[in-house]
Amino acid sequence: LQVTTVPTWQSAPEETFEGASAVVFDVLRATTTIAYALAAGARAVLPVDGPDAARRLRAAHPDWILGGEVAFRAPPDFDLGNSPTQYTKAAVADRTVLLATTNGTRALVAARGAARVYAAGLVNARATAEALPPELPVVLVASGTVGMPSLEDLLGAGAVLAHLMLLHDEVAGDTLSRIALETFQATRAHLPDVLYGSENGRRLVEAGFGDDVAAAARLDGVPVVVELQAGEPLTLAKSDPGGFRAPI
Ligand code: MLT
């Protein structure tokens, strides 16, 4: 299995995704929030590449929930922000959620040309690794923060890669994949501390969203597989795990 890791979503030319499974990580917080929303029973989460595009879609579908952030906070006309724990059963069960965030939902839109597209965080790393089709190369997209790499997204990539190595006899990772893997292995016993100490973790604490960091650090705590469906608008839904299993 061939695995490539890209350090920001902007650094992956479109051809990177051709014929591959793309796994997009925005651990703090978008892809973690998406996992929480679908685990809470949201029908679908629609990743959108900006608040205005989300507003336009919502104008056409007033029953859809509008969520996301600009500079960490929900704009006043949004129903929900980008905190994973806001996406409770009471808030989102059986609802369609539009999500517009600074990096994560844009990264998902950018990866749309891949053969398969998954949204993952630490919370669903193992479930995602188990669902990846073994016949396709894998591109791990550590979304990063406005064009710069983020520690927590590389840790997410490392977590998926660690599980892939348990599932497959031969995994060939590029150098950044090795870095992500080694970093994850070295820190997996104290992920909450590492996330709180990361640049984005500290920014979130300063903005009053410290609990979101703990919610994102729950390794395999929200074991849903989140996959992009065919068609327009872009739609993420829970997909049955049941993909590839290592022979016993
Ligand atoms: C993003 O998409 O850039 C992040 O999820 C931002 C945030 O933490 O709200």
# chains A, B, ... in the order shown; residues from 1 in each chain; ligands from 1
$ select_by_dssp --residues "stretch 48-246 of chain A" --states "helix (DSSP H, G or I)" --output "PyMOL selection string"
chain A and resi 51-60+84-86+89-92+104-110+122-131+151-167+175-197+199-206+210-216
$ residues_near_ligand --ligand "ligand 1" --cutoff "10 Å" --atoms "only C-alpha atoms and all ligand atoms" --output "ChimeraX atom specification"
/A:25-34,49,68-74,81-84,99-108,143-146,200-201,203-204,209,212-213
$ closest_residue --among "A:Tyr196, A:Val160, A:Leu132, A:Ala215" --to "A:Gly173" --atoms "only C-alpha atoms"
A:Val160
$ residues_around --residues "A:Asp94" --least-positions-apart "2" --cutoff "8 Å" --atoms "only C-alpha atoms" --output "VMD selection string"
chain A and resid 41 to 43 92 96
$ select_by_dssp --residues "stretch 22-195 of chain A" --states "strand (DSSP E)" --output "PyMOL selection string"
chain A and resi 22-25+44-48+65-68+96-100+116-120+138-142+172-173
$ atom_distance --atom1 "atom CA of A:Thr16" --atom2 "atom CA of A:Val139"
7.6 Å
$ residues_around --residues "A:Leu166" --least-positions-apart "3" --cutoff "10 Å" --atoms "only C-alpha atoms" --output "list in words"
Ala129, Glu130, Leu161, Ala162, His163, Asp169, Glu170, Val171 and Ala246 of chain A
$ write_last_selection --atoms "N, CA and C atoms" --output "mmCIF file, in the first residue's frame"
data_model
loop_
_atom_site.group_PDB
_atom_site.id
_atom_site.type_symbol
_atom_site.label_atom_id
_atom_site.label_comp_id
_atom_site.auth_asym_id
_atom_site.auth_seq_id
_atom_site.Cartn_x
_atom_site.Cartn_y
_atom_site.Cartn_z
ATOM 1 N N ALA A 129 -8.997 3.854 8.797
ATOM 2 C CA ALA A 129 -7.954 2.980 8.235
ATOM 3 C C ALA A 129 -8.562 1.651 7.789
ATOM 4 N N GLU A 130 -9.492 1.150 8.583
ATOM 5 C CA GLU A 130 -10.099 -0.147 8.256
ATOM 6 C C GLU A 130 -11.003 -0.064 7.032
ATOM 7 N N LEU A 161 -2.060 6.004 9.687
ATOM 8 C CA LEU A 161 -0.962 5.200 9.142
ATOM 9 C C LEU A 161 -0.576 4.070 10.108
ATOM 10 N N ALA A 162 -0.575 4.349 11.395
ATOM 11 C CA ALA A 162 -0.246 3.302 12.378
ATOM 12 C C ALA A 162 -1.230 2.139 12.255
ATOM 13 N N HIS A 163 -2.496 2.445 12.072
ATOM 14 C CA HIS A 163 -3.486 1.374 11.905
ATOM 15 C C HIS A 163 -3.319 0.673 10.561
ATOM 16 N N ASP A 169 0.445 -5.974 5.025
ATOM 17 C CA ASP A 169 1.807 -6.513 5.150
ATOM 18 C C ASP A 169 2.841 -5.490 4.713
ATOM 19 N N GLU A 170 2.542 -4.793 3.602
ATOM 20 C CA GLU A 170 3.539 -3.864 3.086
ATOM 21 C C GLU A 170 2.946 -2.472 2.925
ATOM 22 N N VAL A 171 3.488 -1.530 3.667
ATOM 23 C CA VAL A 171 3.052 -0.146 3.539
ATOM 24 C C VAL A 171 4.287 0.680 3.200
ATOM 25 N N ALA A 246 -7.992 -7.060 7.807
ATOM 26 C CA ALA A 246 -6.816 -7.932 7.686
ATOM 27 C C ALA A 246 -7.245 -9.380 7.857
#
$ decode --residues "stretch 100-113 of chain A" --atoms "all heavy atoms" --output "short mmCIF file (atom, residue, chain, number, x, y, z; two decimals), in the first residue's frame"
data_model
loop_
_atom_site.label_atom_id
_atom_site.label_comp_id
_atom_site.auth_asym_id
_atom_site.auth_seq_id
_atom_site.Cartn_x
_atom_site.Cartn_y
_atom_site.Cartn_z
N ALA A 100 -19.00 25.35 7.09
CA ALA A 100 -18.01 26.20 6.42
C ALA A 100 -16.96 26.60 7.44
O ALA A 100 -17.28 27.27 8.43
CB ALA A 100 -18.68 27.44 5.85
N THR A 101 -15.72 26.16 7.24
CA THR A 101 -14.63 26.51 8.16
C THR A 101 -13.44 27.03 7.37
O THR A 101 -13.40 26.94 6.14
CB THR A 101 -14.20 25.30 9.01
OG1 THR A 101 -13.47 24.38 8.20
CG2 THR A 101 -15.40 24.59 9.64
N THR A 102 -12.45 27.53 8.09
CA THR A 102 -11.34 28.22 7.43
C THR A 102 -10.48 27.28 6.58
O THR A 102 -10.10 27.62 5.46
CB THR A 102 -10.46 28.91 8.49
OG1 THR A 102 -11.31 29.69 9.33
CG2 THR A 102 -9.43 29.81 7.85
N ASN A 103 -10.16 26.12 7.12
CA ASN A 103 -9.26 25.20 6.40
C ASN A 103 -9.91 23.85 6.08
O ASN A 103 -9.82 23.36 4.96
CB ASN A 103 -8.01 24.92 7.25
CG ASN A 103 -7.22 26.18 7.51
OD1 ASN A 103 -6.50 26.66 6.65
ND2 ASN A 103 -7.38 26.73 8.70
N GLY A 104 -10.53 23.24 7.08
CA GLY A 104 -10.97 21.85 6.94
C GLY A 104 -11.97 21.62 5.83
O GLY A 104 -11.81 20.70 5.01
N THR A 105 -13.01 22.43 5.77
CA THR A 105 -14.02 22.17 4.73
C THR A 105 -13.47 22.57 3.36
O THR A 105 -13.80 21.95 2.35
CB THR A 105 -15.35 22.88 5.03
OG1 THR A 105 -15.15 24.29 5.10
CG2 THR A 105 -15.96 22.37 6.35
N ARG A 106 -12.57 23.53 3.33
CA ARG A 106 -11.93 23.89 2.05
C ARG A 106 -11.03 22.75 1.58
O ARG A 106 -10.94 22.46 0.38
CB ARG A 106 -11.15 25.17 2.18
CG ARG A 106 -12.04 26.39 2.37
CD ARG A 106 -11.25 27.69 2.33
NE ARG A 106 -12.12 28.83 2.14
CZ ARG A 106 -12.42 29.73 3.08
NH1 ARG A 106 -11.92 29.62 4.31
NH2 ARG A 106 -13.24 30.73 2.82
N ALA A 107 -10.34 22.11 2.53
CA ALA A 107 -9.48 20.98 2.17
C ALA A 107 -10.32 19.85 1.57
O ALA A 107 -9.91 19.20 0.61
CB ALA A 107 -8.73 20.50 3.41
N LEU A 108 -11.48 19.62 2.14
CA LEU A 108 -12.36 18.56 1.62
C LEU A 108 -12.81 18.89 0.20
O LEU A 108 -12.85 18.03 -0.68
CB LEU A 108 -13.56 18.37 2.55
CG LEU A 108 -13.21 17.60 3.83
CD1 LEU A 108 -14.20 17.90 4.95
CD2 LEU A 108 -13.18 16.09 3.55
N VAL A 109 -13.15 20.15 -0.02
CA VAL A 109 -13.56 20.56 -1.37
C VAL A 109 -12.39 20.37 -2.34
O VAL A 109 -12.55 19.85 -3.45
CB VAL A 109 -14.06 22.02 -1.37
CG1 VAL A 109 -14.32 22.51 -2.79
CG2 VAL A 109 -15.32 22.15 -0.51
N ALA A 110 -11.17 20.72 -1.89
CA ALA A 110 -10.00 20.62 -2.77
C ALA A 110 -9.66 19.18 -3.13
O ALA A 110 -9.08 18.91 -4.17
CB ALA A 110 -8.79 21.28 -2.10
N ALA A 111 -10.03 18.23 -2.26
CA ALA A 111 -9.68 16.82 -2.49
C ALA A 111 -10.76 16.07 -3.27
O ALA A 111 -10.64 14.86 -3.49
CB ALA A 111 -9.46 16.13 -1.14
N ARG A 112 -11.76 16.78 -3.73
CA ARG A 112 -12.94 16.12 -4.30
C ARG A 112 -12.63 15.27 -5.53
O ARG A 112 -13.42 14.39 -5.89
CB ARG A 112 -14.00 17.15 -4.66
CG ARG A 112 -13.52 18.12 -5.73
CD ARG A 112 -14.48 19.25 -5.94
NE ARG A 112 -15.81 18.77 -6.27
CZ ARG A 112 -16.89 19.53 -6.34
NH1 ARG A 112 -16.79 20.82 -6.08
NH2 ARG A 112 -18.05 19.04 -6.67
N GLY A 113 -11.50 15.50 -6.20
CA GLY A 113 -11.17 14.73 -7.40
C GLY A 113 -10.62 13.34 -7.11
O GLY A 113 -10.39 12.55 -8.03
#
